[in-house]
Amino acid sequence: MVKLGYIMEKKYFIVTYGCQMNVHESEKIAGILKEMGYSAAESENEADIIVFNTCCIRENAENHAFGNIGALKKRKRENPDLLICVGGCMMQEKDMPSVLRKKFPFVDVVFGTHNLYELPALIERRLSSKKRGVVSVLENEGGIVEGREPVRTSFPNAWVNINYGCNNFCTYCIVPYVRGRERSRRPEYILDEVKRLVEQGYKEITLLGQNVNSYGNDSGLMGFPELLDRVASVEGNFRLRFMTSHPKDFNEELVRIIAKHDKICNLIHLPVQSGSDRVLQRMNRRYTSGEYLEKVKMLRRIIPDAEITSDIIVGFPGETEEDFEETMRLVHEVNFASAFTFVYSKRKGTKAAEMPDQVPEEVQKERIMRLIELVNSQTREKSEKYVGKVVEILCEDFDAKKGYYLGRDVYGRMGYFKSEENKIGQFVKLKITEASGISLYGEEV
Ligand code: 5AD
Ligand code: SF4
């Protein structure tokens with residue numbers, strides 16, 4: 001690792017867009033910058049280097065990034081020493097690095113998701129050359145780099161990658177194009193990382209992969225159920241979560257492992273995407289709504305108090321009113337703990353972008369409003385049932401504005417409470433006195 005002695009005391013600020021994977025990748029970028037001698041800035045304004053970690057899953061994520069990068073033009077003119085770096089999924093899109101360079105020639109370094117660890121060399125190259133801008137994006141994923149310490153920013157929660165990339169090619173999704181093929185970390189690295197985190201006092205570990213269920217398919221070393229079993233067997237008082245599960249691969253063997261360990265939260269993120277078989281087939285999801293419902297039933301038979309969250313897309317090309325109503329029916333039937341709802345966004349290079357019958361925006365908007373209303377009503381109804389009950393939350397933060405500590409229960413429900421002592425990092429039992437929307441308020445017992 002290059003250590004830039006002359007930039008000691010300089011500060012970094014990272015702007016992150018997108019999913020948990022990106023949030024964790026930003027922690028890795030922070031680790032790299034820290035090793036170079038940078039320290040964390042409180043705000044973008046006091047930073048000497050600003051890194052944008054971009055997302056391209058939907059068009060609005062890209063527009064946000066463009067807007068915020070563009071907004072730095074004036075600052076860069078006033079302070080040419082300010083370093084602006086742009087990385088992440090967007091930079092892996094075909095032609096995007098050159099589009100970005102044209103739009104924002106003041107950007108100093110462009111890097112991709114496969115060469116995070118080149119960042120010090122790229123920064124050094126930029127600092128030692130008079131030429132504007134250094135671009136390095138690798139088209140292929142390459143191997144997995146181990147042994148670098150991230151700067152974790154979410155104590156007492158920690159993310160641990162188990163596999164990278166995706167082979168599923170859902171027709172709407174750009175991830176397989178920008179994240180490459182599936183590759184799994186070796187089990188011993190994962191177990192080691194979890195053990196160290198637990199020793200350091202982390203209380204909630206989330207195993208991350210685009211499709212955790214295909215863990216080990218590439219390496220043949222160990223499947224996901226066995227990995228999960230081993231991670232849950234690590235000694236210590238911590239909660240274990242994992243995401244994301246693909247319904248086609250979610251099976252009874254895995255559910256039995258979840259049932260076996262108290263540490264594994266009984267909340268499964270199982271994106272259904274649509275309730276219409278016709279749409280699911282065009283999405284290349286490789287399950288039917290009936291098969292999805294069967295898996296939900298199997299989960300609830302083995303773990304009666306299991307809850308499910310989901311991702312749902314509305315307005316996929318060719319989605320009719322009848323298709324959409326099937327999604328509504330499925331949501332009714334499953335009764336999700338919560339769900340992320342998205343309007344389909346056309347991504348260049350994906351199969352769905354070429355499909356006929358793109359759904360007009362007004363229709364998409366009208367449908368998503370109906371869906372959100374249904375999902376919210378289910379979430380609210382579940383919240384109301386909490387009142388009067390005692391739940392255990394893991395305190396993760398203090399909201400200074402409201403004067404409340406906050407944390408989540410195993411089902412991811414946010415609970416707020418007052419305390420004279422700092423409770424961050426502790427499990428706290430709350431008697432719930434009030435449910436407001438999806439938030440719970442309670443008193444320590
Ligand atoms: N448009 C809308 N939503 C999308 N997702 C992925 N690609 C798209 C797209 N093109 C959603 C899926 C996925 C979640 C992470 O993002 O629901 O599960
Ligand atoms: Fe995208 Fe489908 Fe892979 Fe998930 S499983 S990352 S939705 S292609």
# chains A, B, ... in the order shown; residues from 1 in each chain; ligands from 1
>>> residues_around(residues="Arg241 in chain A", least_positions_apart="6", cutoff="10 Å", atoms="only C-alpha atoms", output="PyMOL selection string")
chain A and resi 159+204-208+228+232+258+263-269+410
>>> select_by_dssp(residues="range 215-270 of chain A", states="alpha helix (DSSP H)", output="list in words")
Phe224, Pro225, Glu226, Leu227, Leu228, Asp229, Arg230, Val231, Ala232, Glu252, Glu253, Leu254, Val255, Arg256, Ile257, Ile258, Ala259 and Lys260 of chain A
>>> closest_atom_pairs(of="chain A", to="ligand 2", cutoff="7 Å", atoms="only C-alpha atoms and all ligand atoms", output="JSON lines")
{"residue": "A:Cys166", "atom": "CA", "partner": "ligand 2", "partner_atom_place_in_ligand_line": "3 (Fe)", "distance": 4.8}
{"residue": "A:Asn167", "atom": "CA", "partner": "ligand 2", "partner_atom_place_in_ligand_line": "3 (Fe)", "distance": 6.4}
{"residue": "A:Asn168", "atom": "CA", "partner": "ligand 2", "partner_atom_place_in_ligand_line": "8 (S)", "distance": 4.8}
{"residue": "A:Phe169", "atom": "CA", "partner": "ligand 2", "partner_atom_place_in_ligand_line": "8 (S)", "distance": 4.2}
{"residue": "A:Cys170", "atom": "CA", "partner": "ligand 2", "partner_atom_place_in_ligand_line": "8 (S)", "distance": 4.2}
{"residue": "A:Cys173", "atom": "CA", "partner": "ligand 2", "partner_atom_place_in_ligand_line": "1 (Fe)", "distance": 4.6}
{"residue": "A:Ile174", "atom": "CA", "partner": "ligand 2", "partner_atom_place_in_ligand_line": "1 (Fe)", "distance": 6.4}
{"residue": "A:Val175", "atom": "CA", "partner": "ligand 2", "partner_atom_place_in_ligand_line": "1 (Fe)", "distance": 5.1}
{"residue": "A:Pro176", "atom": "CA", "partner": "ligand 2", "partner_atom_place_in_ligand_line": "8 (S)", "distance": 5.6}
{"residue": "A:Gln210", "atom": "CA", "partner": "ligand 2", "partner_atom_place_in_ligand_line": "6 (S)", "distance": 5.0}
{"residue": "A:Asn211", "atom": "CA", "partner": "ligand 2", "partner_atom_place_in_ligand_line": "5 (S)", "distance": 5.9}
{"residue": "A:His246", "atom": "CA", "partner": "ligand 2", "partner_atom_place_in_ligand_line": "5 (S)", "distance": 6.3}
>>> atom_distance(atom1="CA of Ser98 in chain A", atom2="CA of Lys73 in chain A")
17.4 Å
>>> closest_residue(among="A:Glu444, A:Asp48, A:Glu361, A:Glu59", to="ligand 1", atoms="only C-alpha atoms and all ligand atoms")
A:Glu59
>>> residues_near_ligand(ligand="ligand 1", cutoff="9 Å", atoms="only C-alpha atoms and all ligand atoms", output="count of residues only")
36
>>> residues_around(residues="range 104-117 of chain A", least_positions_apart="2", cutoff="6 Å", atoms="only C-alpha atoms", output="list of chain:residue names")
A:Ile84, A:Cys85, A:Val86, A:Gly87, A:Gly88, A:Met91, A:Gln92, A:Leu100, A:Arg101, A:Lys102, A:Leu119, A:Gly133, A:Val134, A:Val135, A:Ser136, A:Val137, A:Glu141
>>> write_last_selection(atoms="all heavy atoms", output="short mmCIF file (atom, residue, chain, number, x, y, z; two decimals), in the first residue's frame")
data_model
loop_
_atom_site.label_atom_id
_atom_site.label_comp_id
_atom_site.auth_asym_id
_atom_site.auth_seq_id
_atom_site.Cartn_x
_atom_site.Cartn_y
_atom_site.Cartn_z
N ILE A 84 -11.23 14.58 -6.65
CA ILE A 84 -12.57 14.00 -6.80
C ILE A 84 -12.44 12.66 -7.51
O ILE A 84 -11.91 12.58 -8.63
CB ILE A 84 -13.49 14.96 -7.59
CG1 ILE A 84 -13.59 16.29 -6.85
CG2 ILE A 84 -14.87 14.34 -7.79
CD1 ILE A 84 -14.31 17.37 -7.61
N CYS A 85 -12.89 11.62 -6.83
CA CYS A 85 -12.79 10.26 -7.40
C CYS A 85 -14.20 9.70 -7.56
O CYS A 85 -15.05 9.90 -6.70
CB CYS A 85 -12.02 9.33 -6.46
SG CYS A 85 -10.43 9.99 -5.96
N VAL A 86 -14.42 9.00 -8.65
CA VAL A 86 -15.73 8.39 -8.87
C VAL A 86 -15.54 6.90 -9.17
O VAL A 86 -14.79 6.54 -10.07
CB VAL A 86 -16.49 9.07 -10.03
CG1 VAL A 86 -17.87 8.46 -10.20
CG2 VAL A 86 -16.60 10.57 -9.80
N GLY A 87 -16.20 6.07 -8.37
CA GLY A 87 -16.12 4.62 -8.57
C GLY A 87 -17.50 3.99 -8.45
O GLY A 87 -18.51 4.68 -8.49
N GLY A 88 -17.52 2.68 -8.32
CA GLY A 88 -18.80 1.97 -8.10
C GLY A 88 -19.41 1.44 -9.38
O GLY A 88 -18.84 1.53 -10.47
N MET A 91 -19.65 3.06 -12.94
CA MET A 91 -18.43 3.16 -13.75
C MET A 91 -18.15 1.86 -14.50
O MET A 91 -17.33 1.83 -15.41
CB MET A 91 -17.24 3.53 -12.87
CG MET A 91 -17.34 4.91 -12.26
SD MET A 91 -17.64 6.19 -13.49
CE MET A 91 -19.35 6.59 -13.19
N GLN A 92 -18.83 0.77 -14.12
CA GLN A 92 -18.66 -0.50 -14.83
C GLN A 92 -19.56 -0.59 -16.05
O GLN A 92 -19.48 -1.54 -16.81
CB GLN A 92 -18.97 -1.68 -13.89
CG GLN A 92 -17.97 -1.88 -12.77
CD GLN A 92 -16.60 -2.33 -13.21
OE1 GLN A 92 -15.61 -1.96 -12.58
NE2 GLN A 92 -16.51 -3.11 -14.27
N LEU A 100 -18.78 10.21 -18.34
CA LEU A 100 -18.51 10.97 -17.13
C LEU A 100 -17.38 11.98 -17.35
O LEU A 100 -17.46 13.14 -16.95
CB LEU A 100 -18.14 10.03 -15.98
CG LEU A 100 -18.01 10.75 -14.64
CD1 LEU A 100 -19.31 10.64 -13.87
CD2 LEU A 100 -16.87 10.17 -13.81
N ARG A 101 -16.34 11.53 -18.03
CA ARG A 101 -15.18 12.41 -18.27
C ARG A 101 -15.58 13.59 -19.15
O ARG A 101 -15.09 14.69 -18.97
CB ARG A 101 -14.05 11.62 -18.93
CG ARG A 101 -13.54 10.48 -18.10
CD ARG A 101 -12.30 10.80 -17.32
NE ARG A 101 -11.24 11.27 -18.19
CZ ARG A 101 -10.60 12.41 -18.05
NH1 ARG A 101 -10.91 13.21 -17.08
NH2 ARG A 101 -9.64 12.75 -18.88
N LYS A 102 -16.48 13.32 -20.09
CA LYS A 102 -16.93 14.40 -20.97
C LYS A 102 -17.78 15.39 -20.21
O LYS A 102 -17.62 16.61 -20.33
CB LYS A 102 -17.73 13.81 -22.14
CG LYS A 102 -17.04 14.11 -23.45
CD LYS A 102 -17.89 13.74 -24.64
CE LYS A 102 -17.03 12.85 -25.54
NZ LYS A 102 -17.72 11.68 -26.01
N LEU A 119 -6.89 1.88 -6.00
CA LEU A 119 -7.15 3.30 -5.72
C LEU A 119 -5.90 4.08 -5.28
O LEU A 119 -5.64 5.16 -5.82
CB LEU A 119 -8.30 3.43 -4.71
CG LEU A 119 -8.90 4.81 -4.54
CD1 LEU A 119 -9.38 5.40 -5.85
CD2 LEU A 119 -10.07 4.77 -3.54
N GLY A 133 -6.97 13.80 -14.87
CA GLY A 133 -7.80 12.60 -14.85
C GLY A 133 -7.11 11.29 -15.13
O GLY A 133 -6.35 11.18 -16.08
N VAL A 134 -7.36 10.33 -14.27
CA VAL A 134 -6.85 8.98 -14.46
C VAL A 134 -8.07 8.06 -14.47
O VAL A 134 -8.92 8.15 -13.60
CB VAL A 134 -5.94 8.59 -13.26
CG1 VAL A 134 -5.53 7.14 -13.35
CG2 VAL A 134 -4.74 9.52 -13.18
N VAL A 135 -8.15 7.21 -15.50
CA VAL A 135 -9.29 6.30 -15.56
C VAL A 135 -8.78 4.87 -15.58
O VAL A 135 -7.90 4.53 -16.37
CB VAL A 135 -10.13 6.53 -16.85
CG1 VAL A 135 -11.29 5.55 -16.92
CG2 VAL A 135 -10.62 7.96 -16.91
N SER A 136 -9.28 4.03 -14.68
CA SER A 136 -8.94 2.61 -14.73
C SER A 136 -10.14 1.79 -14.28
O SER A 136 -10.51 1.79 -13.12
CB SER A 136 -7.74 2.32 -13.84
OG SER A 136 -7.50 0.93 -13.81
N VAL A 137 -10.76 1.13 -15.24
CA VAL A 137 -11.91 0.28 -14.93
C VAL A 137 -11.63 -1.08 -15.58
O VAL A 137 -11.30 -1.14 -16.76
CB VAL A 137 -13.22 0.88 -15.50
CG1 VAL A 137 -14.38 -0.08 -15.28
CG2 VAL A 137 -13.51 2.23 -14.86
N GLU A 141 -13.92 -9.47 -13.65
CA GLU A 141 -13.95 -9.38 -12.20
C GLU A 141 -12.64 -9.75 -11.49
O GLU A 141 -12.35 -9.21 -10.44
CB GLU A 141 -15.11 -10.20 -11.64
CG GLU A 141 -15.19 -11.64 -12.08
CD GLU A 141 -15.97 -11.83 -13.39
OE1 GLU A 141 -16.19 -10.85 -14.11
OE2 GLU A 141 -16.33 -12.98 -13.67
#
>>> closest_atom_pairs(of="range 178-248 of chain A", to="range 427-440 of chain A", cutoff="12 Å", atoms="only C-alpha atoms", output="JSON lines")
{"residue": "A:Gly201", "atom": "CA", "partner": "A:Phe427", "partner_atom": "CA", "distance": 12.0}
{"residue": "A:Tyr202", "atom": "CA", "partner": "A:Phe427", "partner_atom": "CA", "distance": 11.4}
{"residue": "A:Lys203", "atom": "CA", "partner": "A:Phe427", "partner_atom": "CA", "distance": 8.5}
{"residue": "A:Glu204", "atom": "CA", "partner": "A:Phe427", "partner_atom": "CA", "distance": 10.5}
{"residue": "A:Asn237", "atom": "CA", "partner": "A:Phe427", "partner_atom": "CA", "distance": 9.6}
{"residue": "A:Phe238", "atom": "CA", "partner": "A:Phe427", "partner_atom": "CA", "distance": 9.5}
{"residue": "A:Arg239", "atom": "CA", "partner": "A:Phe427", "partner_atom": "CA", "distance": 10.3}
>>> residues_around(residues="range 318-325 of chain A", least_positions_apart="4", cutoff="10 Å", atoms="only C-alpha atoms", output="list in words")
Ser274, Gly275, Ser276, Asp277, Arg278, Val279, Leu280, Arg282, Ile313, Val314, Arg329, Leu330, Val331, Ala352, Met355, Pro356, Asp357, Gln358, Val359, Val363, Gln364, Arg367, Ile368 and Leu371 of chain A
>>> atom_distance(atom1="CA of Val198 in chain A", atom2="CA of Phe155 in chain A")
11.3 Å
>>> atom_distance(atom1="CA of Ser184 in chain A", atom2="CA of Gly216 in chain A")
5.7 Å
>>> residues_around(residues="Glu46 in chain A", least_positions_apart="3", cutoff="10 Å", atoms="only C-alpha atoms", output="PDB file with C-alpha atoms, in the first residue's frame")
ATOM      1  CA  LYS A  10      -5.745  15.271   4.967  1.00  0.00           C
ATOM      2  CA  LYS A  11      -9.357  14.215   5.084  1.00  0.00           C
ATOM      3  CA  TYR A  12     -11.656  12.019   3.069  1.00  0.00           C
ATOM      4  CA  PHE A  13     -15.406  12.047   2.540  1.00  0.00           C
ATOM      5  CA  ALA A  40     -12.502  10.877   8.042  1.00  0.00           C
ATOM      6  CA  ALA A  41     -14.007  14.329   7.414  1.00  0.00           C
ATOM      7  CA  GLU A  42     -17.207  15.318   9.170  1.00  0.00           C
ATOM      8  CA  SER A  43     -18.617  16.819   5.997  1.00  0.00           C
ATOM      9  CA  ILE A  49     -10.601  14.011  -1.246  1.00  0.00           C
ATOM     10  CA  ILE A  50     -14.196  13.146  -2.105  1.00  0.00           C
TER      11      ILE A  50
END
>>> residues_around(residues="Ser219 in chain A", least_positions_apart="5", cutoff="10 Å", atoms="only C-alpha atoms", output="PDB file with N, CA, C and O atoms, in the first residue's frame")
ATOM      1  N   GLU A 182     -20.474 -14.894 -10.471  1.00  0.00           N
ATOM      2  CA  GLU A 182     -20.438 -15.248  -9.048  1.00  0.00           C
ATOM      3  C   GLU A 182     -19.071 -15.795  -8.632  1.00  0.00           C
ATOM      4  O   GLU A 182     -18.507 -16.647  -9.308  1.00  0.00           O
ATOM      5  N   ARG A 183     -18.582 -15.258  -7.539  1.00  0.00           N
ATOM      6  CA  ARG A 183     -17.395 -15.876  -6.933  1.00  0.00           C
ATOM      7  C   ARG A 183     -17.515 -15.800  -5.422  1.00  0.00           C
ATOM      8  O   ARG A 183     -17.931 -14.782  -4.867  1.00  0.00           O
ATOM      9  N   SER A 184     -17.165 -16.901  -4.782  1.00  0.00           N
ATOM     10  CA  SER A 184     -17.376 -17.033  -3.343  1.00  0.00           C
ATOM     11  C   SER A 184     -16.064 -16.860  -2.595  1.00  0.00           C
ATOM     12  O   SER A 184     -15.021 -17.351  -3.038  1.00  0.00           O
ATOM     13  N   ARG A 185     -16.156 -16.205  -1.463  1.00  0.00           N
ATOM     14  CA  ARG A 185     -14.975 -16.120  -0.578  1.00  0.00           C
ATOM     15  C   ARG A 185     -14.752 -17.481   0.057  1.00  0.00           C
ATOM     16  O   ARG A 185     -15.695 -18.232   0.285  1.00  0.00           O
ATOM     17  N   ARG A 186     -13.531 -17.761   0.401  1.00  0.00           N
ATOM     18  CA  ARG A 186     -13.244 -19.027   1.083  1.00  0.00           C
ATOM     19  C   ARG A 186     -13.884 -19.008   2.472  1.00  0.00           C
ATOM     20  O   ARG A 186     -13.851 -17.977   3.156  1.00  0.00           O
TER      21      ARG A 186
END
>>> residues_around(residues="His332 in chain A", least_positions_apart="5", cutoff="9 Å", atoms="only C-alpha atoms", output="MDAnalysis selection string")
chainID A and resid 327 374:375 378
>>> write_last_selection(atoms="C-alpha atoms", output="PDB file, in the first residue's frame")
ATOM      1  CA  THR A 327     -49.080  -9.010  -7.487  1.00  0.00           C
ATOM      2  CA  LEU A 374     -51.258  -2.096   0.682  1.00  0.00           C
ATOM      3  CA  VAL A 375     -47.711  -2.795   1.908  1.00  0.00           C
ATOM      4  CA  GLN A 378     -49.758  -4.532   6.398  1.00  0.00           C
TER       5      GLN A 378
END
>>> select_by_dssp(residues="range 129-363 of chain A", states="strand (DSSP E or B)", output="PyMOL selection string")
chain A and resi 134-136+157-161+163-164+183-184+204-208+239-243+264+267-269+273+307-314+338-343
